[in-house]
$ cat model22.tsv   # TSV, C-alpha atoms and all ligand atoms
chain	number	residue	atom	x	y	z
A	1	MET	CA	95.42	90.70	100.13
A	2	ARG	CA	92.89	93.40	99.65
A	3	PHE	CA	89.23	93.12	100.71
A	4	ASN	CA	86.15	95.21	100.01
A	5	MET	CA	83.38	95.78	102.52
A	6	HIS	CA	80.41	98.10	102.76
A	7	LEU	CA	79.32	100.17	105.73
A	8	LYS	CA	76.42	102.33	106.83
A	9	ASP	CA	77.21	106.05	107.14
A	10	GLY	CA	77.49	105.92	110.97
A	11	PRO	CA	80.31	103.37	111.23
A	12	PHE	CA	81.92	104.71	108.04
A	13	ASP	CA	82.15	108.21	109.54
A	14	ALA	CA	83.45	106.83	112.85
A	15	ILE	CA	86.27	104.98	111.05
A	16	LYS	CA	87.01	108.05	108.96
A	17	ALA	CA	87.24	110.15	112.13
A	18	GLY	CA	89.58	107.59	113.67
A	19	SER	CA	87.37	106.86	116.72
A	20	LYS	CA	86.19	103.43	115.56
A	21	ASP	CA	89.04	100.97	115.10
A	22	ILE	CA	87.25	97.65	115.63
A	23	GLU	CA	84.98	96.39	112.85
A	24	MET	CA	82.78	93.48	113.95
A	25	ARG	CA	81.88	90.76	111.50
A	26	LEU	CA	80.76	87.17	111.36
A	27	TYR	CA	83.89	85.00	111.18
A	28	ASP	CA	82.70	83.14	108.11
A	29	ASP	CA	84.85	81.59	105.38
A	30	THR	CA	85.40	84.95	103.62
A	31	ARG	CA	86.52	86.76	106.79
A	32	LYS	CA	88.75	83.83	107.75
A	33	GLN	CA	90.90	84.76	104.72
A	34	ILE	CA	91.72	88.15	106.25
A	35	LYS	CA	95.25	88.33	107.64
A	36	ILE	CA	97.09	90.88	109.74
A	37	GLY	CA	98.71	93.37	107.34
A	38	ASP	CA	95.93	93.10	104.73
A	39	ILE	CA	94.18	96.19	103.40
A	40	ILE	CA	90.41	96.64	103.49
A	41	GLU	CA	88.59	99.16	101.35
A	42	PHE	CA	85.46	100.27	103.16
A	43	ALA	CA	82.81	101.90	101.01
A	44	ARG	CA	79.64	103.68	102.02
A	45	ASN	CA	76.57	101.62	101.18
A	46	ASP	CA	75.76	104.01	98.30
A	47	ASP	CA	79.38	103.78	97.05
A	48	SER	CA	79.75	107.57	97.20
A	49	GLU	CA	83.01	107.37	99.17
A	50	SER	CA	85.52	104.81	100.30
A	51	LEU	CA	88.56	104.62	102.54
A	52	LEU	CA	91.51	102.29	102.98
A	53	VAL	CA	92.49	100.74	106.28
A	54	VAL	CA	95.18	98.30	107.37
A	55	VAL	CA	94.33	95.24	109.47
A	56	LEU	CA	96.50	95.45	112.60
A	57	ASN	CA	94.97	92.60	114.60
A	58	LEU	CA	92.18	90.02	114.59
A	59	HIS	CA	90.20	89.38	117.77
A	60	VAL	CA	88.22	86.15	117.41
A	61	TYR	CA	85.43	85.27	119.85
A	62	ASP	CA	82.59	82.75	120.12
A	63	SER	CA	80.08	85.58	120.25
A	64	PHE	CA	79.80	89.36	120.01
A	65	LYS	CA	79.49	89.45	123.80
A	66	GLY	CA	83.22	88.70	123.95
A	67	ILE	CA	84.02	91.74	121.85
A	68	TYR	CA	81.61	94.03	123.75
A	69	ASP	CA	83.13	92.86	127.05
A	70	ASN	CA	86.70	93.52	125.96
A	71	PHE	CA	86.59	96.74	123.97
A	72	ASP	CA	85.38	100.25	124.70
A	73	LYS	CA	82.11	100.97	122.86
A	74	VAL	CA	83.61	104.00	121.09
A	75	ARG	CA	86.20	101.72	119.48
A	76	LEU	CA	83.26	99.62	118.23
A	77	GLY	CA	81.62	102.65	116.62
A	78	TYR	CA	79.25	103.94	119.30
A	79	LYS	CA	79.11	107.53	120.50
A	80	GLU	CA	79.92	108.29	124.16
A	81	ASP	CA	76.25	108.95	124.98
A	82	GLU	CA	74.92	105.83	123.27
A	83	THR	CA	74.21	102.56	125.02
A	84	ALA	CA	75.92	99.54	123.58
A	85	HIS	CA	74.77	95.94	123.91
A	86	TYR	CA	75.99	92.89	122.11
A	87	THR	CA	72.45	92.00	121.00
A	88	ASP	CA	72.65	95.09	118.74
A	89	MET	CA	74.51	92.83	116.31
A	90	GLU	CA	71.44	90.62	115.91
A	91	GLN	CA	70.07	93.13	113.40
A	92	TYR	CA	72.93	92.14	111.06
A	93	TYR	CA	73.46	88.44	111.72
A	94	SER	CA	71.24	85.54	112.72
A	95	LYS	CA	71.90	83.78	116.03
A	96	GLU	CA	72.26	80.58	114.06
A	97	ASN	CA	75.11	81.97	111.96
A	98	MET	CA	76.80	83.57	114.96
A	99	ASN	CA	76.81	80.18	116.69
A	100	LYS	CA	77.99	78.42	113.57
A	101	TYR	CA	80.92	80.68	112.60
A	102	GLY	CA	81.87	82.73	115.65
A	103	VAL	CA	82.75	86.38	115.26
A	104	VAL	CA	85.77	88.59	114.71
A	105	GLY	CA	86.72	92.09	115.78
A	106	ILE	CA	88.95	93.37	112.99
A	107	GLU	CA	91.32	95.94	114.47
A	108	ILE	CA	92.10	98.54	111.83
A	109	LYS	CA	93.89	101.83	111.26
A	110	LEU	CA	93.49	104.30	108.41
A	111	LEU	CA	96.16	103.71	105.80
A	112	SER	CA	96.85	107.47	105.75
A	113	GLU	CA	97.96	107.25	109.39
A	114	ILE	CA	100.12	104.16	109.06
A	115	THR	CA	103.85	104.51	109.72
A	116	PRO	CA	106.63	101.90	109.53
A	117	ALA	CA	106.85	101.99	113.35
A	118	ILE	CA	103.13	101.18	113.75
A	119	LEU	CA	103.47	98.21	111.40
A	120	THR	CA	106.54	96.95	113.25
A	121	ASP	CA	104.71	97.22	116.58
A	122	HIS	CA	102.03	94.91	115.13
A	123	SER	CA	104.54	92.38	113.79
A	124	ILE	CA	104.08	93.48	110.18
A	125	CYS	CA	107.31	93.94	108.19
A	126	PRO	CA	107.12	97.44	106.62
A	127	THR	CA	109.36	96.42	103.70
A	128	CYS	CA	107.19	93.43	102.80
A	129	PHE	CA	104.02	95.47	103.34
A	130	ASN	CA	105.34	98.12	100.97
A	131	LYS	CA	106.30	95.54	98.34
A	132	GLU	CA	103.01	93.65	98.51
A	133	ASN	CA	101.09	96.90	98.07
A	134	ASN	CA	102.95	98.57	95.20
A	135	ASN	CA	105.07	100.99	97.24
A	136	ILE	CA	102.04	102.26	99.15
A	137	LEU	CA	104.16	103.05	102.23
A	138	TYR	CA	107.37	104.51	100.83
A	139	GLY	CA	106.00	105.87	97.56
A	140	ASP	CA	107.19	105.75	93.98
A	141	ASP	CA	110.68	104.22	93.64
A	142	THR	CA	111.38	105.46	90.09
A	143	TYR	CA	114.12	107.80	91.34
A	144	THR	CA	115.66	105.49	93.91
A	145	LEU	CA	115.64	101.92	92.55
A	146	VAL	CA	118.67	101.17	90.36
A	147	TYR	CA	118.67	97.38	90.18
A	148	GLU	CA	116.41	94.42	90.83
A	149	ASP	CA	116.22	90.74	90.01
A	150	ASP	CA	114.43	87.74	91.50
A	151	LEU	CA	116.54	87.75	94.67
A	152	ILE	CA	117.50	91.30	95.53
A	153	GLU	CA	116.96	94.96	94.89
A	154	CYS	CA	119.39	97.86	95.17
A	155	PHE	CA	118.31	101.44	95.76
A	156	PHE	CA	119.27	104.87	97.08
A	157	VAL	CA	117.99	105.26	100.64
A	158	GLY	CA	115.37	107.94	101.26
A	159	ASN	CA	117.20	109.45	104.26
A	160	PRO	CA	120.88	108.99	103.46
A	161	ARG	CA	123.81	109.47	105.86
A	162	ALA	CA	125.97	110.61	102.94
A	163	LYS	CA	125.55	111.37	99.26
A	164	GLY	CA	125.51	108.04	97.44
A	165	HIS	CA	124.22	106.06	100.47
A	166	MET	CA	122.60	102.95	99.02
A	167	ALA	CA	121.02	99.75	100.29
A	168	ILE	CA	120.60	96.23	98.99
A	169	SER	CA	117.71	94.17	100.29
A	170	SER	CA	116.41	90.67	99.68
A	171	LYS	CA	113.11	90.28	97.86
A	172	LYS	CA	112.04	87.54	100.23
A	173	HIS	CA	111.64	88.22	103.93
A	174	TYR	CA	114.55	87.20	106.11
A	175	LYS	CA	114.68	88.90	109.47
A	176	ASP	CA	118.40	89.52	109.10
A	177	MET	CA	121.69	88.15	107.85
A	178	MET	CA	121.65	85.35	110.43
A	179	ASP	CA	118.75	83.73	108.54
A	180	ILE	CA	119.90	83.89	104.93
A	181	ASP	CA	121.03	80.77	103.06
A	182	ASP	CA	124.48	80.18	101.59
A	183	SER	CA	123.60	81.00	98.01
A	184	LEU	CA	121.92	84.31	98.84
A	185	CYS	CA	124.77	85.16	101.20
A	186	GLU	CA	127.36	84.60	98.49
A	187	TYR	CA	125.27	86.38	95.86
A	188	VAL	CA	124.42	89.44	97.89
A	189	PHE	CA	127.95	90.04	99.21
A	190	LYS	CA	129.47	89.73	95.75
A	191	PHE	CA	126.86	92.15	94.49
A	192	ALA	CA	127.63	94.49	97.42
A	193	ARG	CA	131.36	94.40	96.64
A	194	ASP	CA	130.72	95.36	93.03
A	195	THR	CA	128.27	98.09	94.02
A	196	MET	CA	130.68	99.56	96.58
A	197	ASN	CA	133.34	99.87	93.90
A	198	ILE	CA	130.87	101.53	91.57
A	199	ILE	CA	129.71	104.00	94.25
A	200	LYS	CA	133.33	104.85	95.16
A	201	ASP	CA	134.08	105.52	91.53
A	202	VAL	CA	130.94	107.44	90.56
A	203	TYR	CA	130.75	109.51	93.76
A	204	GLU	CA	134.54	109.90	94.01
A	205	SER	CA	134.40	108.91	97.66
A	206	GLU	CA	137.45	107.76	99.57
A	207	SER	CA	135.76	104.53	100.64
A	208	VAL	CA	132.39	102.89	101.16
A	209	TYR	CA	131.36	101.35	104.49
A	210	LEU	CA	129.06	98.37	104.76
A	211	CYS	CA	126.74	97.60	107.64
A	212	THR	CA	123.82	95.33	108.31
A	213	MET	CA	121.67	95.20	111.42
A	214	CYS	CA	120.26	92.19	113.20
A	215	ASP	CA	117.79	93.90	115.47
A	216	GLY	CA	114.62	91.87	115.71
A	217	PRO	CA	112.05	89.80	113.89
A	218	MET	CA	110.47	92.66	111.96
A	219	ASN	CA	113.72	93.83	110.48
A	220	HIS	CA	114.02	92.92	106.79
A	221	PHE	CA	117.48	91.78	105.70
A	222	HIS	CA	119.38	94.58	103.99
A	223	LEU	CA	122.92	95.86	103.62
A	224	GLN	CA	123.72	99.54	103.79
A	225	LEU	CA	126.53	101.02	101.75
A	226	ILE	CA	127.66	104.38	103.14
A	227	PRO	CA	130.34	106.42	101.34
A	228	ARG	CA	133.06	108.24	103.30
A	229	TYR	CA	134.50	111.30	101.62
A	230	LYS	CA	138.07	112.47	101.98
A	231	GLU	CA	137.22	115.40	104.25
A	232	GLU	CA	135.52	113.01	106.69
A	233	LYS	CA	137.32	111.21	109.52
A	234	ARG	CA	137.84	107.48	109.23
A	235	GLY	CA	136.08	105.20	111.70
A	236	SER	CA	132.77	103.97	113.02
A	237	THR	CA	131.19	107.42	113.31
A	238	ASN	CA	130.58	107.11	109.58
A	239	PHE	CA	127.83	104.60	110.39
A	240	VAL	CA	125.90	107.24	112.35
A	241	LYS	CA	126.43	110.39	110.33
A	242	PRO	CA	123.35	112.64	110.48
A	243	ARG	CA	120.63	111.70	108.04
A	244	GLN	CA	119.90	114.02	105.12
A	245	ASP	CA	117.19	114.29	102.51
A	246	TYR	CA	117.73	112.22	99.41
A	247	VAL	CA	118.52	114.39	96.39
A	248	TYR	CA	118.10	112.76	93.00
A	249	ASP	CA	121.19	113.23	90.84
A	250	GLU	CA	120.24	112.23	87.33
A	251	VAL	CA	123.79	111.80	86.03
A	252	LYS	CA	125.07	109.69	88.93
A	253	PHE	CA	121.79	107.74	89.18
A	254	SER	CA	121.92	106.82	85.48
A	255	GLU	CA	125.59	105.90	85.64
A	256	ILE	CA	125.16	103.55	88.62
A	257	LYS	CA	122.04	102.04	87.08
A	258	LYS	CA	123.85	101.46	83.81
A	259	ARG	CA	126.87	99.79	85.45
A	260	LEU	CA	124.76	97.56	87.71
A	261	ASN	CA	122.59	96.38	84.84
A	262	LYS	CA	125.44	95.50	82.49
B	1	ZN	ZN	110.01	91.70	105.16

$ encode --input "model22.tsv" --output "structure tokens"
Amino acid sequence: MRFNMHLKDGPFDAIKAGSKDIEMRLYDDTRKQIKIGDIIEFARNDDSESLLVVVLNLHVYDSFKGIYDNFDKVRLGYKEDETAHYTDMEQYYSKENMNKYGVVGIEIKLLSEITPAILTDHSICPTCFNKENNNILYGDDTYTLVYEDDLIECFFVGNPRAKGHMAISSKKHYKDMMDIDDSLCEYVFKFARDTMNIIKDVYESESVYLCTMCDGPMNHFHLQLIPRYKEEKRGSTNFVKPRQDYVYDEVKFSEIKKRLNK
């Protein structure tokens, strides 16, 4: 989900500079809807500027004292030479409400600085994050996505190990192949077989290798289809060929798209 909040210039500038990464709020019913992986748009109080951040963690306490005791004041938005005391928050919230709802320290990072590795480290699946936020992480997929339906999508990978290197991933989050159900398993491997034959044909490769990794909870189930060309040696080294930049080939892209969407 996406949330909107307003800030005074001081905390806004501190978030923009990257020094403040804990936003303190009353943990009322609205803030209880915030989840790790959500995006918050912070706007200056006069709406002259806004910035997007990703929620990386939620630190819930009975009172602001808990947050002040556990986090460096600079992370809360203070300057090094300023004194920080939890009663500072009483200018924003009544004691009655603080006692009633408790408080939350929303740990955030600027969206512009977010990488797949940072998301994974915070137990957020980058693939799901990207999907839920209209390709905000990996960018426009117009020149990579060749097929999608309710269950899967098939696309050229952004950093291929060979020309024609493609991937098929599930729409829904499964950590890896060990978690998928029978019907998806059957469906995706039949689809992979057909796609491999199409890649071999269109790219005139000698063969196409298939691999899938089961390497932790924040993996997102996908199959990789990696062509091997006739000048390349057979064998497992094809799985770890150096990565290249993806180059859009309009003719081959259109042909594969056409055949997969028949
Ligand atoms: Zn996922």

$ residues_near_ligand --input "model22.tsv" --ligand "ligand ZN 1 (chain B)" --cutoff "9 Å" --atoms "all atoms listed in the file" --output "ChimeraX atom specification"
/A:124-131,170-175,218-221

$ residues_around --input "model22.tsv" --residues "stretch 87-103 of chain A" --least-positions-apart "6" --cutoff "7 Å" --atoms "only C-alpha atoms" --output "list of chain:residue names"
A:Arg25, A:Leu26, A:Tyr27, A:Asp28, A:Val60, A:Tyr61, A:Asp62, A:Ser63, A:Phe64

$ atom_distance --input "model22.tsv" --atom1 "atom CA of A:Ser123" --atom2 "atom CA of A:Lys20"
21.5 Å

$ closest_residue --input "model22.tsv" --among "A:Val104, A:Cys211, A:Val54, A:Met166" --to "A:Thr144" --atoms "only C-alpha atoms"
A:Met166

$ axis_aligned_box --input "model22.tsv" --around "stretch 45-54 of chain A" --padding-each-side "5 Å" --output "AutoDock Vina command-line options"
--center_x 85.5 --center_y 102.9 --center_z 102.2 --size_x 29.4 --size_y 19.3 --size_z 20.3

$ closest_residue --input "model22.tsv" --among "A:His6, A:Arg161, A:Arg259, A:Lys79" --to "A:Val240" --atoms "all atoms listed in the file"
A:Arg161

$ closest_residue --input "model22.tsv" --among "A:Asp38, A:Glu113, A:Glu232, A:Asp13" --to "A:Asn133" --atoms "only C-alpha atoms"
A:Asp38

$ atom_distance --input "model22.tsv" --atom1 "atom CA of A:Phe42" --atom2 "atom CA of A:Gly105"
15.1 Å

$ closest_residue --input "model22.tsv" --among "A:Val208, A:Leu52, A:Lys109, A:Leu151" --to "A:Glu186" --atoms "only C-alpha atoms"
A:Leu151

$ closest_residue --input "model22.tsv" --among "A:Leu110, A:Cys154, A:Met178, A:Met196" --to "A:Gly216" --atoms "all atoms listed in the file"
A:Met178

$ atom_distance --input "model22.tsv" --atom1 "atom CA of A:Tyr86" --atom2 "atom CA of A:Asp21"
16.9 Å

$ closest_residue --input "model22.tsv" --among "A:Ile39, A:Ala167, A:Ala162, A:Leu137" --to "A:Lys241" --atoms "all atoms listed in the file"
A:Ala162
